[in-house]
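Have a look at protein.pdb below; it lists PDB, C-alpha atoms and all ligand atoms.
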ATOM      1  CA  MET Q   1      84.886 129.693 108.726
ATOM      2  CA  LYS Q   2      86.165 132.463 110.863
ATOM      3  CA  LEU Q   3      85.231 131.765 114.452
ATOM      4  CA  PRO Q   4      84.069 135.256 115.511
ATOM      5  CA  LEU Q   5      81.384 135.271 112.842
ATOM      6  CA  LEU Q   6      79.713 132.335 114.524
ATOM      7  CA  ALA Q   7      80.276 133.728 117.972
ATOM      8  CA  VAL Q   8      77.733 136.478 117.766
ATOM      9  CA  ALA Q   9      76.029 136.047 121.098
ATOM     10  CA  ALA Q  10      78.540 133.986 123.025
ATOM     11  CA  THR Q  11      79.989 135.200 126.282
ATOM     12  CA  ARG Q  12      82.747 132.647 125.929
ATOM     13  CA  VAL Q  13      83.631 130.857 122.755
ATOM     14  CA  CYS Q  14      84.715 127.251 122.805
ATOM     15  CA  VAL Q  15      86.252 125.735 119.730
ATOM     16  CA  ALA Q  16      85.580 122.192 120.812
ATOM     17  CA  ALA Q  17      84.819 120.800 124.193
ATOM     18  CA  THR Q  18      87.947 118.726 124.450
ATOM     19  CA  LEU Q  19      90.447 121.323 123.361
ATOM     20  CA  GLY Q  20      91.071 122.402 126.924
ATOM     21  CA  ALA Q  21      92.019 125.856 128.090
ATOM     22  CA  LEU Q  22      93.172 127.001 124.693
ATOM     23  CA  SER Q  23      89.840 126.244 123.164
ATOM     24  CA  CYS Q  24      87.730 128.631 125.158
ATOM     25  CA  LEU Q  25      88.585 132.159 124.263
ATOM     26  CA  PRO Q  26      87.271 135.013 126.364
ATOM     27  CA  ALA Q  27      84.541 137.038 124.742
ATOM     28  CA  VAL Q  28      86.764 140.078 124.772
ATOM     29  CA  ALA Q  29      88.989 138.353 122.205
ATOM     30  CA  GLN Q  30      85.978 137.418 120.077
ATOM     31  CA  PRO Q  31      83.919 140.588 119.767
ATOM     32  CA  ARG Q  32      80.262 140.621 118.798
ATOM     33  CA  ILE Q  33      80.027 141.076 115.059
ATOM     34  CA  ASP Q  34      78.146 144.065 113.732
ATOM     35  CA  TYR Q  35      77.073 142.736 110.351
ATOM     36  CA  SER Q  36      75.811 146.163 109.316
ATOM     37  CA  THR Q  37      79.409 147.309 109.031
ATOM     38  CA  LEU Q  38      80.597 144.389 106.863
ATOM     39  CA  GLU Q  39      81.056 145.020 103.163
ATOM     40  CA  ILE Q  40      81.001 142.390 100.440
ATOM     41  CA  LYS Q  41      83.980 142.529  98.112
ATOM     42  CA  THR Q  42      83.138 141.143  94.681
ATOM     43  CA  THR Q  43      86.021 139.695  92.647
ATOM     44  CA  ASP Q  44      85.628 138.562  89.032
ATOM     45  CA  LEU Q  45      87.338 135.160  88.731
ATOM     46  CA  GLY Q  46      86.483 134.830  85.032
ATOM     47  CA  SER Q  47      84.143 132.577  83.007
ATOM     48  CA  GLY Q  48      81.108 133.982  84.840
ATOM     49  CA  VAL Q  49      82.361 133.101  88.340
ATOM     50  CA  TYR Q  50      82.608 135.787  91.033
ATOM     51  CA  LEU Q  51      83.844 135.610  94.604
ATOM     52  CA  LEU Q  52      81.659 137.402  97.145
ATOM     53  CA  GLY Q  53      84.027 137.939 100.055
ATOM     54  CA  TRP Q  54      82.922 139.203 103.456
ATOM     55  CA  GLN Q  55      85.589 137.731 105.741
ATOM     56  CA  GLY Q  56      83.331 134.872 106.750
ATOM     57  CA  GLY Q  57      82.033 131.883 104.806
ATOM     58  CA  ASP Q  58      82.821 133.461 101.459
ATOM     59  CA  SER Q  59      80.377 132.782  98.625
ATOM     60  CA  LEU Q  60      80.817 132.141  94.914
ATOM     61  CA  ILE Q  61      78.368 132.841  92.120
ATOM     62  CA  LEU Q  62      78.246 131.538  88.574
ATOM     63  CA  VAL Q  63      76.273 133.910  86.368
ATOM     64  CA  GLY Q  64      74.883 133.203  82.912
ATOM     65  CA  ASP Q  65      71.770 132.738  80.833
ATOM     66  CA  ASP Q  66      70.574 129.998  83.187
ATOM     67  CA  GLY Q  67      70.442 132.522  86.032
ATOM     68  CA  VAL Q  68      72.632 132.450  89.122
ATOM     69  CA  LEU Q  69      74.235 129.448  90.807
ATOM     70  CA  LEU Q  70      75.221 130.457  94.350
ATOM     71  CA  VAL Q  71      77.704 128.556  96.504
ATOM     72  CA  ASP Q  72      76.950 129.281 100.190
ATOM     73  CA  THR Q  73      74.409 131.786 101.434
ATOM     74  CA  SER Q  74      76.274 133.272 104.454
ATOM     75  CA  VAL Q  75      74.731 133.976 107.852
ATOM     76  CA  ALA Q  76      71.123 135.163 107.907
ATOM     77  CA  PRO Q  77      71.955 138.827 108.697
ATOM     78  CA  MET Q  78      74.166 139.001 105.583
ATOM     79  CA  GLY Q  79      71.481 137.689 103.188
ATOM     80  CA  ASP Q  80      70.371 141.116 101.938
ATOM     81  CA  LYS Q  81      73.980 142.115 101.291
ATOM     82  CA  ILE Q  82      74.596 138.934  99.293
ATOM     83  CA  LYS Q  83      71.431 139.701  97.318
ATOM     84  CA  ALA Q  84      72.573 143.276  96.669
ATOM     85  CA  ALA Q  85      76.044 142.132  95.609
ATOM     86  CA  ILE Q  86      74.524 139.678  93.123
ATOM     87  CA  ALA Q  87      72.197 142.406  91.784
ATOM     88  CA  LYS Q  88      75.247 144.517  90.928
ATOM     89  CA  VAL Q  89      76.479 141.693  88.661
ATOM     90  CA  THR Q  90      73.221 140.476  87.114
ATOM     91  CA  ASP Q  91      69.452 140.919  87.214
ATOM     92  CA  LYS Q  92      68.943 137.162  86.751
ATOM     93  CA  PRO Q  93      67.377 135.202  89.626
ATOM     94  CA  ILE Q  94      69.147 132.702  91.879
ATOM     95  CA  ASN Q  95      68.134 129.312  90.503
ATOM     96  CA  LEU Q  96      70.571 126.957  92.173
ATOM     97  CA  ILE Q  97      72.234 127.029  95.601
ATOM     98  CA  ILE Q  98      74.983 124.739  96.871
ATOM     99  CA  ASN Q  99      75.711 124.653 100.609
ATOM    100  CA  THR Q 100      79.259 123.451 101.266
ATOM    101  CA  HIS Q 101      79.005 122.418 104.936
ATOM    102  CA  ALA Q 102      77.301 122.506 108.312
ATOM    103  CA  HIS Q 103      78.533 125.816 109.664
ATOM    104  CA  ALA Q 104      75.961 128.582 109.835
ATOM    105  CA  ASP Q 105      78.001 131.029 107.761
ATOM    106  CA  HIS Q 106      77.457 128.696 104.793
ATOM    107  CA  PHE Q 107      73.683 128.118 104.903
ATOM    108  CA  GLY Q 108      72.223 130.731 107.281
ATOM    109  CA  ALA Q 109      70.495 132.824 104.600
ATOM    110  CA  ASN Q 110      69.129 129.847 102.619
ATOM    111  CA  GLU Q 111      65.472 130.647 103.098
ATOM    112  CA  ALA Q 112      65.766 134.298 102.060
ATOM    113  CA  LEU Q 113      67.998 133.670  99.076
ATOM    114  CA  ALA Q 114      66.222 130.550  97.791
ATOM    115  CA  ASN Q 115      63.048 132.636  97.973
ATOM    116  CA  GLY Q 116      60.835 129.639  97.295
ATOM    117  CA  ARG Q 117      62.283 129.069  93.818
ATOM    118  CA  ALA Q 118      65.944 128.017  93.921
ATOM    119  CA  THR Q 119      66.921 124.380  94.210
ATOM    120  CA  ILE Q 120      69.266 123.818  97.171
ATOM    121  CA  VAL Q 121      71.936 121.115  96.791
ATOM    122  CA  ALA Q 122      74.099 119.708  99.596
ATOM    123  CA  HIS Q 123      75.576 116.531 101.022
ATOM    124  CA  ASP Q 124      73.117 114.104 102.661
ATOM    125  CA  LYS Q 125      74.590 114.780 106.086
ATOM    126  CA  LEU Q 126      74.092 118.541 105.851
ATOM    127  CA  ARG Q 127      70.389 118.176 105.193
ATOM    128  CA  GLU Q 128      70.170 115.681 108.058
ATOM    129  CA  ARG Q 129      71.903 118.096 110.454
ATOM    130  CA  MET Q 130      69.834 121.086 109.334
ATOM    131  CA  ALA Q 131      66.563 119.158 109.598
ATOM    132  CA  LYS Q 132      67.258 117.888 113.129
ATOM    133  CA  GLY Q 133      69.199 120.852 114.472
ATOM    134  CA  PHE Q 134      72.706 120.453 115.803
ATOM    135  CA  THR Q 135      75.500 122.020 117.806
ATOM    136  CA  ALA Q 136      78.553 123.675 116.252
ATOM    137  CA  PHE Q 137      81.101 125.674 118.241
ATOM    138  CA  ASN Q 138      78.970 125.144 121.319
ATOM    139  CA  GLN Q 139      76.139 127.027 119.649
ATOM    140  CA  ALA Q 140      72.814 125.286 119.244
ATOM    141  CA  ILE Q 141      71.568 125.573 115.667
ATOM    142  CA  PRO Q 142      67.797 124.942 115.740
ATOM    143  CA  PRO Q 143      66.068 122.773 113.119
ATOM    144  CA  ALA Q 144      65.814 124.712 109.856
ATOM    145  CA  PRO Q 145      62.436 125.526 108.309
ATOM    146  CA  ALA Q 146      61.500 123.401 105.295
ATOM    147  CA  ALA Q 147      62.107 126.342 102.950
ATOM    148  CA  ALA Q 148      65.768 126.449 104.008
ATOM    149  CA  LEU Q 149      66.499 122.729 103.608
ATOM    150  CA  PRO Q 150      68.455 121.252 100.711
ATOM    151  CA  THR Q 151      66.036 119.532  98.326
ATOM    152  CA  VAL Q 152      68.662 117.643  96.319
ATOM    153  CA  THR Q 153      71.301 115.708  98.242
ATOM    154  CA  TYR Q 154      74.070 113.315  97.279
ATOM    155  CA  THR Q 155      76.421 110.842  98.973
ATOM    156  CA  ASP Q 156      79.848 110.744  97.262
ATOM    157  CA  ALA Q 157      79.890 112.939  94.153
ATOM    158  CA  MET Q 158      77.582 114.754  91.773
ATOM    159  CA  THR Q 159      77.978 116.711  88.545
ATOM    160  CA  LEU Q 160      75.835 119.740  87.662
ATOM    161  CA  HIS Q 161      75.678 121.379  84.256
ATOM    162  CA  PHE Q 162      74.843 125.069  84.440
ATOM    163  CA  ASP Q 163      75.240 127.700  81.720
ATOM    164  CA  GLY Q 164      77.855 125.684  79.855
ATOM    165  CA  GLU Q 165      79.933 125.137  83.015
ATOM    166  CA  THR Q 166      80.549 121.710  84.495
ATOM    167  CA  VAL Q 167      80.296 121.922  88.277
ATOM    168  CA  GLN Q 168      81.619 118.852  90.077
ATOM    169  CA  LEU Q 169      80.732 118.200  93.703
ATOM    170  CA  PHE Q 170      82.899 115.872  95.791
ATOM    171  CA  HIS Q 171      82.366 114.797  99.393
ATOM    172  CA  PRO Q 172      85.569 114.200 101.360
ATOM    173  CA  PRO Q 173      84.445 112.249 104.452
ATOM    174  CA  ASN Q 174      85.211 113.743 107.874
ATOM    175  CA  ALA Q 175      87.360 116.645 106.658
ATOM    176  CA  HIS Q 176      86.504 120.195 107.838
ATOM    177  CA  THR Q 177      83.172 118.680 109.004
ATOM    178  CA  ASP Q 178      81.272 115.498 108.143
ATOM    179  CA  SER Q 179      79.149 117.279 105.527
ATOM    180  CA  ASP Q 180      81.703 118.947 103.246
ATOM    181  CA  THR Q 181      81.282 119.514  99.542
ATOM    182  CA  LEU Q 182      84.271 120.514  97.413
ATOM    183  CA  VAL Q 183      82.905 122.470  94.449
ATOM    184  CA  HIS Q 184      84.970 122.409  91.249
ATOM    185  CA  PHE Q 185      84.126 124.798  88.417
ATOM    186  CA  GLN Q 186      85.942 123.125  85.522
ATOM    187  CA  ARG Q 187      85.827 125.904  82.913
ATOM    188  CA  ALA Q 188      86.586 128.679  85.379
ATOM    189  CA  ASN Q 189      89.288 126.542  87.063
ATOM    190  CA  VAL Q 190      88.045 127.475  90.524
ATOM    191  CA  ILE Q 191      87.506 125.223  93.560
ATOM    192  CA  HIS Q 192      85.511 126.099  96.680
ATOM    193  CA  ALA Q 193      87.382 124.280  99.454
ATOM    194  CA  SER Q 194      84.503 124.004 101.955
ATOM    195  CA  GLY Q 195      86.779 125.192 104.757
ATOM    196  CA  THR Q 196      89.409 122.493 104.154
ATOM    197  CA  ILE Q 197      92.155 125.054 103.577
ATOM    198  CA  GLY Q 198      92.925 127.896 105.947
ATOM    199  CA  GLY Q 199      91.685 131.426 105.274
ATOM    200  CA  ASP Q 200      94.324 133.936 104.200
ATOM    201  CA  GLY Q 201      96.890 131.137 103.877
ATOM    202  CA  GLY Q 202      96.676 130.201 107.552
ATOM    203  CA  TYR Q 203      96.449 126.828 109.288
ATOM    204  CA  PRO Q 204      93.381 124.878 108.183
ATOM    205  CA  PHE Q 205      90.883 124.069 110.923
ATOM    206  CA  PHE Q 206      89.003 120.798 111.234
ATOM    207  CA  ASP Q 207      85.944 120.914 113.463
ATOM    208  CA  MET Q 208      85.917 117.624 115.317
ATOM    209  CA  SER Q 209      82.681 118.554 117.102
ATOM    210  CA  SER Q 210      81.075 118.488 113.630
ATOM    211  CA  GLY Q 211      82.770 115.285 112.500
ATOM    212  CA  GLY Q 212      85.935 116.829 111.016
ATOM    213  CA  SER Q 213      89.379 115.212 111.243
ATOM    214  CA  LEU Q 214      93.041 115.725 110.360
ATOM    215  CA  ALA Q 215      93.166 112.653 108.116
ATOM    216  CA  GLY Q 216      90.018 113.718 106.266
ATOM    217  CA  THR Q 217      91.383 117.232 105.728
ATOM    218  CA  ILE Q 218      94.522 115.760 104.154
ATOM    219  CA  VAL Q 219      92.356 113.589 101.882
ATOM    220  CA  ALA Q 220      90.323 116.677 100.894
ATOM    221  CA  GLU Q 221      93.475 118.631 100.066
ATOM    222  CA  ASP Q 222      94.815 115.667  98.046
ATOM    223  CA  LYS Q 223      91.527 115.562  96.140
ATOM    224  CA  MET Q 224      91.770 119.275  95.317
ATOM    225  CA  LEU Q 225      95.397 118.829  94.215
ATOM    226  CA  SER Q 226      94.258 116.086  91.831
ATOM    227  CA  LEU Q 227      91.848 118.575  90.235
ATOM    228  CA  ALA Q 228      94.190 121.565  90.147
ATOM    229  CA  ASP Q 229      96.774 122.906  87.737
ATOM    230  CA  ASP Q 230      99.109 125.847  88.235
ATOM    231  CA  LYS Q 231      96.357 128.374  87.439
ATOM    232  CA  THR Q 232      93.625 127.028  89.741
ATOM    233  CA  ARG Q 233      92.142 129.398  92.345
ATOM    234  CA  ILE Q 234      91.104 127.707  95.591
ATOM    235  CA  VAL Q 235      88.537 129.575  97.669
ATOM    236  CA  ALA Q 236      88.890 129.434 101.444
ATOM    237  CA  ASP Q 237      86.391 130.907 103.857
ATOM    238  CA  GLU Q 238      88.092 134.279 103.830
ATOM    239  CA  GLY Q 239      90.794 136.208 102.054
ATOM    240  CA  ASP Q 240      91.944 136.040  98.462
ATOM    241  CA  PRO Q 241      91.783 132.651  96.745
ATOM    242  CA  ALA Q 242      94.841 130.472  97.284
ATOM    243  CA  GLY Q 243      96.986 129.136  94.453
ATOM    244  CA  THR Q 244      97.921 125.508  93.966
ATOM    245  CA  GLU Q 245     101.332 126.074  95.550
ATOM    246  CA  THR Q 246      99.713 127.183  98.800
ATOM    247  CA  LEU Q 247      97.377 124.179  98.691
ATOM    248  CA  ARG Q 248     100.318 121.822  98.152
ATOM    249  CA  ALA Q 249     102.274 123.465 100.966
ATOM    250  CA  SER Q 250      99.253 123.099 103.277
ATOM    251  CA  ARG Q 251      98.900 119.416 102.410
ATOM    252  CA  ASP Q 252     102.633 118.764 102.954
ATOM    253  CA  MET Q 253     102.572 120.644 106.265
ATOM    254  CA  LEU Q 254      99.593 118.587 107.500
ATOM    255  CA  VAL Q 255     101.223 115.299 106.482
ATOM    256  CA  THR Q 256     104.428 116.244 108.330
ATOM    257  CA  LEU Q 257     102.498 117.408 111.383
ATOM    258  CA  ARG Q 258     100.525 114.167 111.424
ATOM    259  CA  ALA Q 259     103.751 112.129 111.390
ATOM    260  CA  ARG Q 260     105.327 114.230 114.155
ATOM    261  CA  VAL Q 261     102.294 114.085 116.440
ATOM    262  CA  GLN Q 262     101.788 110.379 115.784
ATOM    263  CA  ARG Q 263     105.393 109.798 116.855
ATOM    264  CA  LEU Q 264     104.738 111.664 120.105
ATOM    265  CA  ILE Q 265     101.625 109.569 120.688
ATOM    266  CA  ASP Q 266     103.584 106.372 119.972
ATOM    267  CA  GLU Q 267     106.177 107.492 122.531
ATOM    268  CA  GLY Q 268     103.382 107.687 125.102
ATOM    269  CA  LYS Q 269     103.340 111.457 125.436
ATOM    270  CA  SER Q 270     100.276 113.118 126.910
ATOM    271  CA  GLU Q 271      98.516 115.895 125.012
ATOM    272  CA  ASP Q 272     100.209 118.562 127.132
ATOM    273  CA  GLU Q 273     103.602 116.910 126.602
ATOM    274  CA  ALA Q 274     102.964 116.845 122.857
ATOM    275  CA  VAL Q 275     102.184 120.579 122.930
ATOM    276  CA  ALA Q 276     105.351 121.213 124.964
ATOM    277  CA  ALA Q 277     107.393 119.406 122.288
ATOM    278  CA  LYS Q 278     106.352 122.161 119.817
ATOM    279  CA  PRO Q 279     105.926 119.994 116.701
ATOM    280  CA  THR Q 280     104.713 123.047 114.756
ATOM    281  CA  LYS Q 281     107.544 125.388 115.666
ATOM    282  CA  ASP Q 282     109.061 125.572 112.178
ATOM    283  CA  PHE Q 283     105.574 125.994 110.638
ATOM    284  CA  ASP Q 284     104.145 128.740 112.809
ATOM    285  CA  ALA Q 285     105.830 131.700 111.121
ATOM    286  CA  GLN Q 286     104.192 130.710 107.838
ATOM    287  CA  TRP Q 287     100.812 129.401 108.992
ATOM    288  CA  VAL Q 288      99.716 131.377 112.065
ATOM    289  CA  ARG Q 289      97.553 134.342 111.109
ATOM    290  CA  GLN Q 290      97.134 137.408 113.308
ATOM    291  CA  GLY Q 291      93.750 137.305 115.026
ATOM    292  CA  ASN Q 292      93.039 133.699 114.069
ATOM    293  CA  PHE Q 293      92.391 131.301 116.954
ATOM    294  CA  VAL Q 294      94.335 128.466 115.268
ATOM    295  CA  THR Q 295      97.798 128.838 116.780
ATOM    296  CA  GLY Q 296     100.565 126.239 116.533
ATOM    297  CA  ASP Q 297      99.638 124.845 119.947
ATOM    298  CA  THR Q 298      95.973 124.638 118.943
ATOM    299  CA  MET Q 299      96.966 122.748 115.789
ATOM    300  CA  THR Q 300      98.974 120.315 117.916
ATOM    301  CA  ARG Q 301      96.003 119.716 120.226
ATOM    302  CA  LEU Q 302      93.656 119.247 117.277
ATOM    303  CA  ALA Q 303      96.073 116.833 115.599
ATOM    304  CA  TYR Q 304      96.671 114.900 118.846
ATOM    305  CA  GLN Q 305      92.967 114.542 119.568
ATOM    306  CA  SER Q 306      92.105 113.629 116.009
ATOM    307  CA  LEU Q 307      94.822 110.943 115.849
ATOM    308  CA  LYS Q 308      93.775 109.578 119.256
ATOM    309  CA  GLY Q 309      90.179 109.444 118.072
ATOM    310  CA  VAL Q 310      88.876 111.703 120.824
ATOM    311  CA  ARG Q 311      85.217 112.496 120.289
ATOM    312  CA  PRO Q 312      84.332 116.023 121.396
ATOM    313  CA  GLN Q 313      81.439 116.134 123.804
ATOM    314  CA  THR Q 314      79.526 118.501 121.526
ATOM    315  CA  THR Q 315      79.056 115.887 118.803
ATOM    316  CA  PRO Q 316      75.317 115.515 118.428
TER     317      PRO Q 316
HETATM  318 ZN    ZN Q 401      83.367 125.993 108.350
END

In structure tokens, what does this structure look like?
Amino acid sequence: MKLPLLAVAATRVCVAATLGALSCLPAVAQPRIDYSTLEIKTTDLGSGVYLLGWQGGDSLILVGDDGVLLVDTSVAPMGDKIKAAIAKVTDKPINLIINTHAHADHFGANEALANGRATIVAHDKLRERMAKGFTAFNQAIPPAPAAALPTVTYTDAMTLHFDGETVQLFHPPNAHTDSDTLVHFQRANVIHASGTIGGDGGYPFFDMSSGGSLAGTIVAEDKMLSLADDKTRIVADEGDPAGTETLRASRDMLVTLRARVQRLIDEGKSEDEAVAAKPTKDFDAQWVRQGNFVTGDTMTRLAYQSLKGVRPQTTP
């Protein structure tokens, strides 16, 4: 996800309670989003799969005789735009929805887009969070109405067969969040990464306040590498899909960062001392994206806290 899209009404935005000064960005750096100005860019990925990109929790659709399978419904104010973008591709109804994880830009328009007819599929933990309500990015997400809740949930993996496509769902534990689903379209050779790779080729973010972790993100990226070949498109939350080379580079960078930060921890360094050691300095030119809150120092803090097992105070 892209932080500003979840920061609609915040006066200050905190990534996670334990991230310290770097985590809480002044509202001026995270402007209120005017969804009316956002456009959805539709990209044909082949074999009936389309990317609906809006610089937030990007969606995928699979279109065929069975209707529409939709991966992620976006935030509630974007629901009509998602509907309109689908209508430009097909007049078939949405029959199946997959929510990839517990950030509001991935399930916020469930009720409107399911419209009382589509089956909603997600990991067990996502339904649990949505039913009870939870906190993400210091924003309280109230309990979802029954019509928005996933009705089919799974624990480790699930396979769906839709319009001749085999859609595999995999749950990497404690990766971007604790409720992630990697969605693999076999025929189309497309994977939705559920936020486990960075948007626009940037640093990936793991949301420890929602049960994410560095180790789990590496496992998720390894899982996607095991599914990918040199033509696979990997969908992040924003930007063009990544290729397998970018995914492999991300995985290798995270493994190296983990080793460097673990060494600093083993040497008894504090979090601030670890940041001062600049373990990301040869990565930042490649992985820091303009306007993204995940800087090299933020990555170091996230890695340090994840490896130390710090539990953010916002964990419900
Ligand atoms: Zn996310």

Between atom CA of Leu257 of chain Q and atom CA of Val310 of chain Q, what distance in Å does the model show, to one decimal? 17.5 Å

List the neighbours of Leu227 of chain Q out to 10 Å using all atoms listed in the file; skip same-chain residues closer than 6 positions along the sequence, and give me the result as an MDAnalysis selection string. chainID Q and resid 184 186 189:191 221 244

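Here the question is which of Q:Asp58, Q:Asp252, Q:Glu111, Q:Asp229 gets nearest to ligand ZN 401 (chain Q) using all atoms listed in the file, and that residue is Q:Asp58.
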
Can you pull out every residue with an atom within 9 Å of ligand ZN 401 (chain Q)? Use only C-alpha atoms and all ligand atoms and format it as a PyMOL selection string. chain Q and resi 1-3+57+100-106+176-177+180+194-196+205-207+237

Selection: 8 Å around segment 113-126 of chain Q, only C-alpha atoms, excl. self and same-chain fewer than 5 positions, as a count of residues only: 26

Any chance you could tabulate, as CSV, the residues of segment 200-290 of chain Q at most 12 Å from segment 132-135 of chain Q with each one's nearest atom pair and distance in Å to one decimal, using all atoms listed in the file, in chain and rising number order?
residue,atom,partner,partner_atom,distance
Q:Asp207,CA,Q:Thr135,CA,11.4
Q:Met208,CA,Q:Thr135,CA,11.6
Q:Ser209,CA,Q:Thr135,CA,8.0
Q:Ser210,CA,Q:Thr135,CA,7.8
Q:Gly211,CA,Q:Thr135,CA,11.2

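Using all atoms listed in the file, the nearest neighbour of Ser59 of chain Q within the list Q:Ala112, Q:Ala274, Q:Val235, Q:Leu225 is Q:Val235.
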
For segment 87-106 of chain Q, take all atoms listed in the file, fit an axis-aligned box around them, add 5 Å to each of the six sides, then output centre and edge lengths in Å rounded to one decimal, as JSON.
{"center_x": 73.3, "center_y": 133.5, "center_z": 98.3, "size_x": 21.9, "size_y": 32.1, "size_z": 33.1}

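Nearest to Ser74 of chain Q of all the residues Q:Thr256, Q:Asn110, Q:Thr246, Q:Thr37 is Q:Asn110, based on all atoms listed in the file.
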
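Our summary of the geometry notes that atom CA of Ile218 of chain Q is positioned 6.7 Å from atom CA of Leu254 of chain Q.
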
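For the structure shown here, the set of residues caught by the PyMOL selection byres (((chain Q and resi 277-288) around 7) and not hetatm) is Gly201, Gly202, Tyr203, Leu257, Arg260, Val261, Glu273, Ala274, Val275, Ala276, Arg289, Gln290, Val294, Thr295 and Gly296 of chain Q.
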
Given the file above and the PyMOL selection byres (((chain Q and resi 48-52) around 10) and not hetatm), which residues are selected, and can you give them as a VMD selection string? chain Q and resid 39 to 47 53 to 55 57 to 64 68 to 72 74 81 to 82 85 to 86 89 163 165 185 187 to 190 192 235 238 240 to 241

Store the residues picked out above, limited to C-alpha atoms, as a PDB file, in the coordinates of the input.
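Saved the output as selection28.pdb:
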ATOM      1  CA  GLU Q  39      81.056 145.020 103.163  1.00  0.00           C
ATOM      2  CA  ILE Q  40      81.001 142.390 100.440  1.00  0.00           C
ATOM      3  CA  LYS Q  41      83.980 142.529  98.112  1.00  0.00           C
ATOM      4  CA  THR Q  42      83.138 141.143  94.681  1.00  0.00           C
ATOM      5  CA  THR Q  43      86.021 139.695  92.647  1.00  0.00           C
ATOM      6  CA  ASP Q  44      85.628 138.562  89.032  1.00  0.00           C
ATOM      7  CA  LEU Q  45      87.338 135.160  88.731  1.00  0.00           C
ATOM      8  CA  GLY Q  46      86.483 134.830  85.032  1.00  0.00           C
ATOM      9  CA  SER Q  47      84.143 132.577  83.007  1.00  0.00           C
ATOM     10  CA  GLY Q  53      84.027 137.939 100.055  1.00  0.00           C
ATOM     11  CA  TRP Q  54      82.922 139.203 103.456  1.00  0.00           C
ATOM     12  CA  GLN Q  55      85.589 137.731 105.741  1.00  0.00           C
ATOM     13  CA  GLY Q  57      82.033 131.883 104.806  1.00  0.00           C
ATOM     14  CA  ASP Q  58      82.821 133.461 101.459  1.00  0.00           C
ATOM     15  CA  SER Q  59      80.377 132.782  98.625  1.00  0.00           C
ATOM     16  CA  LEU Q  60      80.817 132.141  94.914  1.00  0.00           C
ATOM     17  CA  ILE Q  61      78.368 132.841  92.120  1.00  0.00           C
ATOM     18  CA  LEU Q  62      78.246 131.538  88.574  1.00  0.00           C
ATOM     19  CA  VAL Q  63      76.273 133.910  86.368  1.00  0.00           C
ATOM     20  CA  GLY Q  64      74.883 133.203  82.912  1.00  0.00           C
ATOM     21  CA  VAL Q  68      72.632 132.450  89.122  1.00  0.00           C
ATOM     22  CA  LEU Q  69      74.235 129.448  90.807  1.00  0.00           C
ATOM     23  CA  LEU Q  70      75.221 130.457  94.350  1.00  0.00           C
ATOM     24  CA  VAL Q  71      77.704 128.556  96.504  1.00  0.00           C
ATOM     25  CA  ASP Q  72      76.950 129.281 100.190  1.00  0.00           C
ATOM     26  CA  SER Q  74      76.274 133.272 104.454  1.00  0.00           C
ATOM     27  CA  LYS Q  81      73.980 142.115 101.291  1.00  0.00           C
ATOM     28  CA  ILE Q  82      74.596 138.934  99.293  1.00  0.00           C
ATOM     29  CA  ALA Q  85      76.044 142.132  95.609  1.00  0.00           C
ATOM     30  CA  ILE Q  86      74.524 139.678  93.123  1.00  0.00           C
ATOM     31  CA  VAL Q  89      76.479 141.693  88.661  1.00  0.00           C
ATOM     32  CA  ASP Q 163      75.240 127.700  81.720  1.00  0.00           C
ATOM     33  CA  GLU Q 165      79.933 125.137  83.015  1.00  0.00           C
ATOM     34  CA  PHE Q 185      84.126 124.798  88.417  1.00  0.00           C
ATOM     35  CA  ARG Q 187      85.827 125.904  82.913  1.00  0.00           C
ATOM     36  CA  ALA Q 188      86.586 128.679  85.379  1.00  0.00           C
ATOM     37  CA  ASN Q 189      89.288 126.542  87.063  1.00  0.00           C
ATOM     38  CA  VAL Q 190      88.045 127.475  90.524  1.00  0.00           C
ATOM     39  CA  HIS Q 192      85.511 126.099  96.680  1.00  0.00           C
ATOM     40  CA  VAL Q 235      88.537 129.575  97.669  1.00  0.00           C
ATOM     41  CA  GLU Q 238      88.092 134.279 103.830  1.00  0.00           C
ATOM     42  CA  ASP Q 240      91.944 136.040  98.462  1.00  0.00           C
ATOM     43  CA  PRO Q 241      91.783 132.651  96.745  1.00  0.00           C
TER      44      PRO Q 241
END

Atom CA of Ala220 of chain Q to atom CA of Ala175 of chain Q: how many Å, to one decimal? 6.5 Å

Reference answer for the PyMOL selection byres (((chain Q and resi 262) around 12) and not hetatm), as a PyMOL selection string: chain Q and resi 214-215+254-261+263-271+274+279+300-301+303-309

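A search radius of 7 Å centred on (65.3, 120.7, 110.9), applied to all atoms listed in the file, returns the residues Q:Met130, Q:Ala131, Q:Lys132, Q:Gly133, Q:Pro142, Q:Pro143, Q:Ala144, Q:Pro145.
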
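Using all atoms listed in the file for every distance, the candidate list Q:Thr159, Q:Gly198, Q:Gly164, Q:Ala109 yields Q:Gly164 as the residue closest to Gly67 of chain Q.
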